Amino acid sequence: MLDSLEERIALQKRGSVLDEVLRTSGCPQPGKWENGIPRRRPMYPRAGTALAHNARSVIVRPPSSKDAREGMPLLHQVRTALRIIGRKAAAARLQRAHARHRAAHPALYAGNDAILARYRAGGGLSHVYQDYKLASLRALLQERRPRHILELGSGSTTAIFAEYVHATPGARLVSVDESEAYLKEAQSIAGIAEGDPRFRLECRERILVRDEAGQVVARRYAGSFADDYDLVFVDGPSGTDEQGVRHKLAPSADVVDIVLRQAPRTIVVDGKYATVELLQQRFGGLYDAYPSDLSGGTVRPGYRYLSYFHLRS
Ligand SMILES: C[S@@+](CC[C@H](N)C(=O)[O-])C[C@H]1O[C@@H](n2cnc3c(N)ncnc32)[C@H](O)[C@@H]1O
């Protein structure tokens, strides 16, 4: 295996890209963020690091990584440098947009710092959009005033839904996650009392749906969603398989079944552009779609982080 890896590294040093996933115990895993913005492709451990850990194979590694730059034609080096400058400028723009929005709408951010501190202390993802995402959700809840909310994927967002339910007579929340432990953590962060009839927290198994060739084509929770909801928030289940491979192109399928059964007035999708595209394709005639500005739009103060689908009246 090492021989073939060395061959691959040689290829890579000539600026080629490699394939397959780096799978080795103890080898540093790909980082997902750089300068506060997500990498288009993750940064993988350097080839030497992989070798030192007896890596069996290496995933696609863009020629912008340090190793790949060695021996790269000057034109490519210039392009790489420009890309890095572009990324830094985009990160700075994003930070400015968030800071301005927070300064202009303090009420939308009230309590966020405490929620996120608890969430991160419990191991929750720490990314640059989180504060803005929670504020965006608050704004949405104020605008749409749902009564029955379904959250797919519990966490920091559960606290925002709980805050709304606590303050809104008649409102209810069902929050679903594949992890019992994180569900409990979300319940605690959100201050949801045991036995409060306005809340139902459900732990459900995550299913990766595969085609005949074994490719993961969708992800969903076990069981069906039989209730009627007027707002569905899609942020789960996870698309990462047992080997740690992320199937980002596999959409979350539960929301399709939910719409076919009883179309909710509002659907919100966090990231998951495959899910957004699927909803647009399947239900374009039923919903007005407002995809996230991060899927190709412009990031400016007040930009759309989440993707929204509003049922046509
Ligand atoms: C993409 S995260 C986001 C969850 C949530 N909608 C949010 O935005 O905070 C998805 C997964 O992270 C896991 N998770 C939830 N709370 C967590 C915590 N405190 N620490 C680590 N992981 C957590 C859950 O299994 C959840 O399905």
# chains A, B, ... in the order shown; residues from 1 in each chain; ligands from 1
>>> select_by_dssp(residues="range 210-258 of chain A", states="alpha helix (DSSP H)", output="list in words")
Asp254, Val255, Val256, Asp257 and Ile258 of chain A
>>> write_last_selection(atoms="C-alpha atoms", output="PDB file, in the first residue's frame")
ATOM      1  CA  ASP A 254     -37.814  13.106   5.066  1.00  0.00           C
ATOM      2  CA  VAL A 255     -38.962  16.529   3.997  1.00  0.00           C
ATOM      3  CA  VAL A 256     -40.090  15.155   0.618  1.00  0.00           C
ATOM      4  CA  ASP A 257     -42.335  12.601   2.331  1.00  0.00           C
ATOM      5  CA  ILE A 258     -43.616  15.295   4.664  1.00  0.00           C
TER       6      ILE A 258
END
>>> residues_around(residues="range 284-301 of chain A", least_positions_apart="5", cutoff="9 Å", atoms="only C-alpha atoms", output="list in words")
Ala90, Arg93, Leu94, Arg96, Ala97, His98, Ala99, Arg100, His101, Ala263, Arg265, Thr266, Val269, Asp270, Gly271, Tyr273, Val276, Glu277, Leu279, Leu306, Ser307, Tyr308, Phe309, His310, Leu311, Arg312 and Ser313 of chain A
>>> residues_near_ligand(ligand="ligand 1", cutoff="6 Å", atoms="only C-alpha atoms and all ligand atoms", output="tab-separated table (two decimals) with C-alpha atoms, in the first residue's frame")
chain	number	residue	atom	x	y	z
A	119	TYR	CA	-23.32	24.32	22.64
A	122	GLY	CA	-20.65	20.29	24.77
A	123	GLY	CA	-18.67	19.63	21.59
A	124	GLY	CA	-21.00	21.35	19.11
A	153	GLY	CA	-31.30	17.81	13.67
A	154	SER	CA	-31.19	19.12	17.24
A	155	GLY	CA	-28.56	21.42	18.71
A	156	SER	CA	-28.15	25.15	19.23
A	157	THR	CA	-31.16	25.85	17.00
A	177	ASP	CA	-31.93	13.65	16.28
A	178	GLU	CA	-29.99	10.44	15.76
A	179	SER	CA	-27.99	10.93	18.95
A	182	TYR	CA	-26.94	15.32	21.80
A	185	GLU	CA	-27.71	18.20	25.52
A	186	ALA	CA	-29.96	20.23	23.20
A	235	ASP	CA	-30.61	20.17	9.44
A	236	GLY	CA	-30.36	16.40	9.71
A	237	PRO	CA	-29.67	13.59	9.70
>>> residues_around(residues="range 166-169 of chain A", least_positions_apart="4", cutoff="12 Å", atoms="only C-alpha atoms", output="PyMOL selection string")
chain A and resi 141-142+145-148+158-162+173+190-193+196-199
>>> residues_around(residues="range 238-248 of chain A", least_positions_apart="4", cutoff="10 Å", atoms="only C-alpha atoms", output="MDAnalysis selection string")
chainID A and resid 21:23 29 153 177:178 206:208 215:221 252 271:275
>>> closest_residue(among="A:Asp211, A:Ile189, A:Phe233, A:Asp228", to="Ala250 in chain A", atoms="only C-alpha atoms")
A:Asp211
>>> select_by_dssp(residues="range 178-211 of chain A", states="strand (DSSP E or B)", output="ChimeraX atom specification")
/A:199-203,206-210
>>> residues_around(residues="Pro264 in chain A", least_positions_apart="4", cutoff="6 Å", atoms="only C-alpha atoms", output="NGL selection string")
:A and (229-231)
>>> write_last_selection(atoms="N, CA and C atoms", output="mmCIF file, in the first residue's frame")
data_model
loop_
_atom_site.group_PDB
_atom_site.id
_atom_site.type_symbol
_atom_site.label_atom_id
_atom_site.label_comp_id
_atom_site.auth_asym_id
_atom_site.auth_seq_id
_atom_site.Cartn_x
_atom_site.Cartn_y
_atom_site.Cartn_z
ATOM 1 N N TYR A 229 -47.267 19.652 10.257
ATOM 2 C CA TYR A 229 -46.384 20.713 10.769
ATOM 3 C C TYR A 229 -46.569 21.940 9.906
ATOM 4 N N ASP A 230 -46.429 23.119 10.510
ATOM 5 C CA ASP A 230 -46.472 24.277 9.620
ATOM 6 C C ASP A 230 -45.103 24.913 9.429
ATOM 7 N N LEU A 231 -44.093 24.440 10.171
ATOM 8 C CA LEU A 231 -42.712 24.829 9.838
ATOM 9 C C LEU A 231 -41.815 23.616 10.036
#
>>> closest_residue(among="A:Val232, A:Ala139, A:Ala81, A:Ala89", to="Leu108 in chain A", atoms="only C-alpha atoms")
A:Ala139
>>> atom_distance(atom1="CA of Leu260 in chain A", atom2="CA of Phe283 in chain A")
9.4 Å
>>> atom_distance(atom1="CA of Glu143 in chain A", atom2="CA of Gln262 in chain A")
21.3 Å
>>> closest_residue(among="A:Leu201, A:Ala171, A:Ala135, A:Leu278", to="Gly111 in chain A", atoms="only C-alpha atoms")
A:Ala135
>>> atom_distance(atom1="CA of Val209 in chain A", atom2="CA of Ser224 in chain A")
14.7 Å
